[in-house]
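Visitor: Questions regarding the structure given below will be posed in turn.
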Number of protein chains: 2
Amino acid sequence: MKDTAIILTSGLLASNKAKTAHGLIRGTDRFDIVAILDEESAGKDAGVVLDGHSRNIPVVSSIAEAVAKSKRPIKYCIIGVATPGGIIPEAMQDDLIQILDTGISIINGLHHYLGDLPEFVEKAKSNNAEIIDIRKGKPKTEQQFWSGKIFDVQCPIIAILGTDCALGKRTTTRIIVEAAEKKGINASMVYTGQTGWLQGKGHGFIFDSTVNDFVSGELENAIVTAYETDKPDMIFLEGQASLLNPSGPCGSEYLVSGNAKKVILQHAPQRTFYKGWEEFDLKIPPIQRTIDLIKLYGSEVIAITLNTAGLTNQQIVRYKNKYGNELRIPVLNPLQDDLSELIELCKK
Amino acid sequence: MKDTAIILTSGLLASNKAKTAHGLIRGTDRFDIVAILDEESAGKDAGVVLDGHSRNIPVVSSIAEAVAKSKRPIKYCIIGVATPGGIIPEAMQDDLIQILDTGISIINGLHHYLGDLPEFVEKAKSNNAEIIDIRKGKPKTEQQFWSGKIFDVQCPIIAILGTDCALGKRTTTRIIVEAAEKKGINASMVYTGQTGWLQGKGHGFIFDSTVNDFVSGELENAIVTAYETDKPDMIFLEGQASLLNPSGPCGSEYLVSGNAKKVILQHAPQRTFYKGWEEFDLKIPPIQRTIDLIKLYGSEVIAITLNTAGLTNQQIVRYKNKYGNELRIPVLNPLQDDLSELIELCKK
């Protein structure tokens, strides 16, 4: 049976700062999410707040209410937001101390480790609760350098990259893996972020909290482990950031170290500037440039998947036609379309 | 006055595994290198072992001999080799314990931290010596995320990238900075490796021991610090690895996060396979591919610099003509050529 957990979003559930929470509301094999703690959206269903579809996960305004509504004792509270610089704000720290006081353990995916704060360590200890800082990752001595064993992987490796951060690469990866499984294909997922870890599907590591020298080796190791353990027909890699984003370019590791010869490129048609960098006038370049770049790395973009948040059906159709005509590859809405064609392309 | 130091290379001085030692023999503003401890090359001059040019640095076979030959007391012993996986072999550990016993402190640039080994910590303490693990780097709370302040830097930023690891990017950077200085140009160097730190020239950080999320921000911060502190006419960045090397691709950070619009590309003409990956048949792609990739990232390769190790003068001329004709940009031997033309290109 999955462990029970609530998610703390501190008023941000309806914003895209709560992307960890959003991923867990969409689905997790690791936890049974019994409530979201968020005063701003309290009283609603979390799925309705996310995308209009109920998931039977209540949003509550207090830890007491969460405890009262849950059929089973609550084991964990997961911090469900990304904060600027990964720092946990004072107000949220107060909430977390209260939560520890009820004996609920905390799972923290931010850079700011609760296990480094004596007040939290003592509070957890006295309440027999745990603090799990998931970004701390493996001890250095257990981390891998790249070894070349990636070339032993005989099935297709497909990376889901994107033209920006925070536009749905992980969600698209998960949807494609599930679509493949429905067609009887044994598909493996390699996650690379803390939400992937929390969702508990597949193998992986946390890319951005890995020391640079070990990134290529840890990625290779996750792919090889997925290959050896699952004996899959194909392996899908959750991408991070984007190749051209100055706040942290990323992608070449998937292509050259992870040997992903195929790429599915996630794109948000109405986003002009890199998320969070609007005031710097940092424009996302035309999608063709990312496709050309991927080609020079020796891989091929086989399809575009669209982030359709906020788009009307008419707009979606228009963007599909536009990119389809320009790029001459399939353009799909992963949340709604039949993905059979895409999965066939991955097989080849 | 610079601190005295010896370098431990454990029989590897004549091999390219001793690249940290080689960099320090070429020059350091931080240390006065009084001897190299290396049984295989003992009795020779370290500069002669390196490239045939004497530097008045004796290679000795024991710590006692080093102490006897040094005019001043020896303060530090620097580990001068890169070992597989960054692990310190047993035999070298024995040497290091002996060195601590003489009261000499140890500077370690490997991933394997001596400060984590109780035997070393106790030995250092009882001999009043220090252990400095330079890769440990800054505490996480002092590390920077990318902020966009790079766009305030008004002088040219030039990255020295390469087509492989271990082919002289740092040395070329240092030579170009010195050539610029000789022409009265105020040039800043941003180092990105442990040898750069040991050489003590300029500002910088250790790229490959930085947690991935902070790489872009630490690089930006080093450049901005160099700009604000030195008020330079131009800033040169020491590159790491290469854009297409599967064991750890690197370079896009310099171009998009570090805003280096110009690139000098270091290349070893006679190297067919990536260093250390010969048995995997991992060929270095044609140089044009790296130039095209850099262009798609929005930057321009303004010149090629050659690693001429092992080449005859005739071969050097032939490669200069070949690449000059193919690529139509200047091709230089940084160890011998007049670099005026190159520095003019950097100014524009």
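Residues in the structure tokens are numbered from 1 in each chain, the chains being A, B, ... in the order shown, and ligands are numbered from 1 in the order shown.
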Among stretch 65-286 of chain B, which residues carry a DSSP assignment of helix (DSSP H, G or I), reported as an MDAnalysis selection string?

Guide: chainID B and resid 65:69 84:86 90:101 114:116 118:126 134:136 140:142 149:152 169:182 194:199 207:209 212:230 252:257 278:280

Visitor: What are the closest atom pairs, with distances in Å to one decimal, for each residue of stretch 54-125 of chain B lying within 12 Å of stretch 191-215 of chain A, using only C-alpha atoms, rows by chain and rising residue number, as JSON lines?

Guide:
{"residue": "B:Gly85", "atom": "CA", "partner": "A:Asp213", "partner_atom": "CA", "distance": 10.0}
{"residue": "B:Gly86", "atom": "CA", "partner": "A:Asp213", "partner_atom": "CA", "distance": 10.4}
{"residue": "B:Leu110", "atom": "CA", "partner": "A:Asp213", "partner_atom": "CA", "distance": 11.5}
{"residue": "B:His111", "atom": "CA", "partner": "A:Asp213", "partner_atom": "CA", "distance": 9.4}

Visitor: Please, which residues of chain A lie no more than 9 Å from chain B when the count uses only C-alpha atoms, and can they be set out as a PyMOL selection string?

Guide: chain A and resi 85+111-112+140-141+144-148+151+207-217+243-250+252-253+255-259+277+280+289-290+292-293+296-297

Visitor: What lies within 12 Å of stretch 67-76 of chain B using only C-alpha atoms, ignoring chain neighbours under 4 positions off, as a PyMOL selection string?

Guide: chain B and resi 1-8+30-37+56-63+80+96+99-100+102-108+128-132+198

Visitor: I'd like the contact shell of stretch 299-316 of chain A - 8 Å cut-off, only C-alpha atoms, skipping same-chain residues fewer than 2 positions apart - returned as number ranges by chain.

Guide: A: 167-168, 172, 255, 260-269, 291, 294-297, 318-320, 329-334, 342, 345-346

Visitor: Using Å and a single decimal, report how far atom CA of B:Ala66 sits from atom CA of B:Gly43.

Guide: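 Rounded to one decimal, the two atoms are 11.5 Å apart.
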
Visitor: May I have all residues of stretch 169-340 of chain A that DSSP, computed from the backbone, assigns to strand (DSSP E or B), given as an MDAnalysis selection string?

Guide: chainID A and resid 187:191 203:204 211 234:238 242 249 262:267 273 283 300:306 331:332

Visitor: Which residues are near A:Tyr274? Cut-off 9 Å, only C-alpha atoms, ignore same chain within fewer than 2 positions. Put them as number ranges by chain.

Guide: A: 163-165, 245, 271-272, 276-278, 281-284

Visitor: Go ahead and write the selection's residues with all heavy atoms as an mmCIF file, in the first residue's frame.

Guide:
data_model
loop_
_atom_site.group_PDB
_atom_site.id
_atom_site.type_symbol
_atom_site.label_atom_id
_atom_site.label_comp_id
_atom_site.auth_asym_id
_atom_site.auth_seq_id
_atom_site.Cartn_x
_atom_site.Cartn_y
_atom_site.Cartn_z
ATOM 1 N N THR A 163 11.762 23.703 -25.296
ATOM 2 C CA THR A 163 12.326 24.991 -25.691
ATOM 3 C C THR A 163 12.429 25.949 -24.505
ATOM 4 O O THR A 163 12.880 27.077 -24.661
ATOM 5 C CB THR A 163 11.493 25.651 -26.808
ATOM 6 O OG1 THR A 163 10.130 25.698 -26.375
ATOM 7 C CG2 THR A 163 11.599 24.870 -28.101
ATOM 8 N N ASP A 164 11.985 25.515 -23.320
ATOM 9 C CA ASP A 164 12.098 26.343 -22.112
ATOM 10 C C ASP A 164 11.925 25.441 -20.892
ATOM 11 O O ASP A 164 11.619 24.252 -21.015
ATOM 12 C CB ASP A 164 11.014 27.444 -22.116
ATOM 13 C CG ASP A 164 11.259 28.530 -21.061
ATOM 14 O OD1 ASP A 164 12.337 28.539 -20.426
ATOM 15 O OD2 ASP A 164 10.362 29.371 -20.859
ATOM 16 N N CYS A 165 12.127 26.022 -19.708
ATOM 17 C CA CYS A 165 11.821 25.352 -18.443
ATOM 18 C C CYS A 165 10.303 25.361 -18.254
ATOM 19 O O CYS A 165 9.591 26.140 -18.880
ATOM 20 C CB CYS A 165 12.420 26.126 -17.267
ATOM 21 S SG CYS A 165 14.189 26.378 -17.382
ATOM 22 N N ASN A 245 18.587 28.072 -23.012
ATOM 23 C CA ASN A 245 18.188 28.976 -21.926
ATOM 24 C C ASN A 245 19.413 29.409 -21.114
ATOM 25 O O ASN A 245 20.078 28.585 -20.490
ATOM 26 C CB ASN A 245 17.186 28.256 -21.020
ATOM 27 C CG ASN A 245 16.568 29.186 -19.995
ATOM 28 O OD1 ASN A 245 17.223 30.113 -19.503
ATOM 29 N ND2 ASN A 245 15.312 28.965 -19.690
ATOM 30 N N ARG A 271 4.456 31.378 -25.606
ATOM 31 C CA ARG A 271 5.469 31.935 -24.726
ATOM 32 C C ARG A 271 6.541 32.627 -25.575
ATOM 33 O O ARG A 271 7.227 31.983 -26.352
ATOM 34 C CB ARG A 271 6.087 30.803 -23.890
ATOM 35 C CG ARG A 271 6.714 31.294 -22.617
ATOM 36 C CD ARG A 271 7.300 30.153 -21.808
ATOM 37 N NE ARG A 271 6.326 29.321 -21.123
ATOM 38 C CZ ARG A 271 6.657 28.338 -20.276
ATOM 39 N NH1 ARG A 271 7.933 28.097 -20.024
ATOM 40 N NH2 ARG A 271 5.732 27.606 -19.693
ATOM 41 N N THR A 272 6.684 33.919 -25.396
ATOM 42 C CA THR A 272 7.658 34.681 -26.193
ATOM 43 C C THR A 272 9.016 34.711 -25.504
ATOM 44 O O THR A 272 10.056 34.574 -26.134
ATOM 45 C CB THR A 272 7.165 36.131 -26.392
ATOM 46 O OG1 THR A 272 5.844 36.072 -26.924
ATOM 47 C CG2 THR A 272 8.062 36.901 -27.341
ATOM 48 N N GLY A 276 10.213 33.622 -16.508
ATOM 49 C CA GLY A 276 10.919 34.268 -15.398
ATOM 50 C C GLY A 276 11.932 35.308 -15.848
ATOM 51 O O GLY A 276 12.506 36.005 -15.014
ATOM 52 N N TRP A 277 12.169 35.430 -17.160
ATOM 53 C CA TRP A 277 13.194 36.359 -17.657
ATOM 54 C C TRP A 277 12.599 37.387 -18.595
ATOM 55 O O TRP A 277 13.302 37.966 -19.418
ATOM 56 C CB TRP A 277 14.330 35.581 -18.338
ATOM 57 C CG TRP A 277 14.945 34.607 -17.397
ATOM 58 C CD1 TRP A 277 14.730 33.270 -17.344
ATOM 59 C CD2 TRP A 277 15.835 34.904 -16.303
ATOM 60 N NE1 TRP A 277 15.424 32.709 -16.310
ATOM 61 C CE2 TRP A 277 16.113 33.685 -15.664
ATOM 62 C CE3 TRP A 277 16.416 36.078 -15.821
ATOM 63 C CZ2 TRP A 277 16.949 33.613 -14.538
ATOM 64 C CZ3 TRP A 277 17.252 36.001 -14.716
ATOM 65 C CH2 TRP A 277 17.497 34.783 -14.088
ATOM 66 N N GLU A 278 11.301 37.618 -18.435
ATOM 67 C CA GLU A 278 10.600 38.538 -19.321
ATOM 68 C C GLU A 278 11.236 39.926 -19.279
ATOM 69 O O GLU A 278 11.391 40.583 -20.308
ATOM 70 C CB GLU A 278 9.115 38.620 -18.922
ATOM 71 C CG GLU A 278 8.332 37.319 -19.127
ATOM 72 C CD GLU A 278 8.521 36.278 -18.023
ATOM 73 O OE1 GLU A 278 9.251 36.544 -17.039
ATOM 74 O OE2 GLU A 278 7.931 35.192 -18.139
ATOM 75 N N ASP A 281 14.141 40.722 -21.503
ATOM 76 C CA ASP A 281 13.914 40.671 -22.943
ATOM 77 C C ASP A 281 14.586 39.438 -23.550
ATOM 78 O O ASP A 281 15.125 39.484 -24.648
ATOM 79 C CB ASP A 281 14.455 41.973 -23.582
ATOM 80 C CG ASP A 281 13.854 42.184 -24.971
ATOM 81 O OD1 ASP A 281 12.710 41.758 -25.181
ATOM 82 O OD2 ASP A 281 14.556 42.748 -25.834
ATOM 83 N N LEU A 282 14.613 38.347 -22.788
ATOM 84 C CA LEU A 282 15.268 37.118 -23.259
ATOM 85 C C LEU A 282 14.275 36.280 -24.058
ATOM 86 O O LEU A 282 13.524 35.480 -23.507
ATOM 87 C CB LEU A 282 15.770 36.314 -22.064
ATOM 88 C CG LEU A 282 17.126 36.715 -21.493
ATOM 89 C CD1 LEU A 282 17.485 35.824 -20.322
ATOM 90 C CD2 LEU A 282 18.203 36.621 -22.565
ATOM 91 N N LYS A 283 14.292 36.460 -25.359
ATOM 92 C CA LYS A 283 13.340 35.777 -26.231
ATOM 93 C C LYS A 283 13.731 34.326 -26.488
ATOM 94 O O LYS A 283 14.907 34.024 -26.693
ATOM 95 C CB LYS A 283 13.266 36.506 -27.572
ATOM 96 C CG LYS A 283 12.366 37.713 -27.525
ATOM 97 C CD LYS A 283 12.001 38.186 -28.920
ATOM 98 C CE LYS A 283 11.129 39.442 -28.787
ATOM 99 N NZ LYS A 283 11.167 40.285 -29.958
ATOM 100 N N ILE A 284 12.749 33.466 -26.509
ATOM 101 C CA ILE A 284 12.967 32.075 -26.930
ATOM 102 C C ILE A 284 13.181 32.094 -28.442
ATOM 103 O O ILE A 284 12.363 32.646 -29.173
ATOM 104 C CB ILE A 284 11.748 31.206 -26.564
ATOM 105 C CG1 ILE A 284 11.536 31.214 -25.047
ATOM 106 C CG2 ILE A 284 11.920 29.781 -27.090
ATOM 107 C CD1 ILE A 284 10.277 30.506 -24.588
#
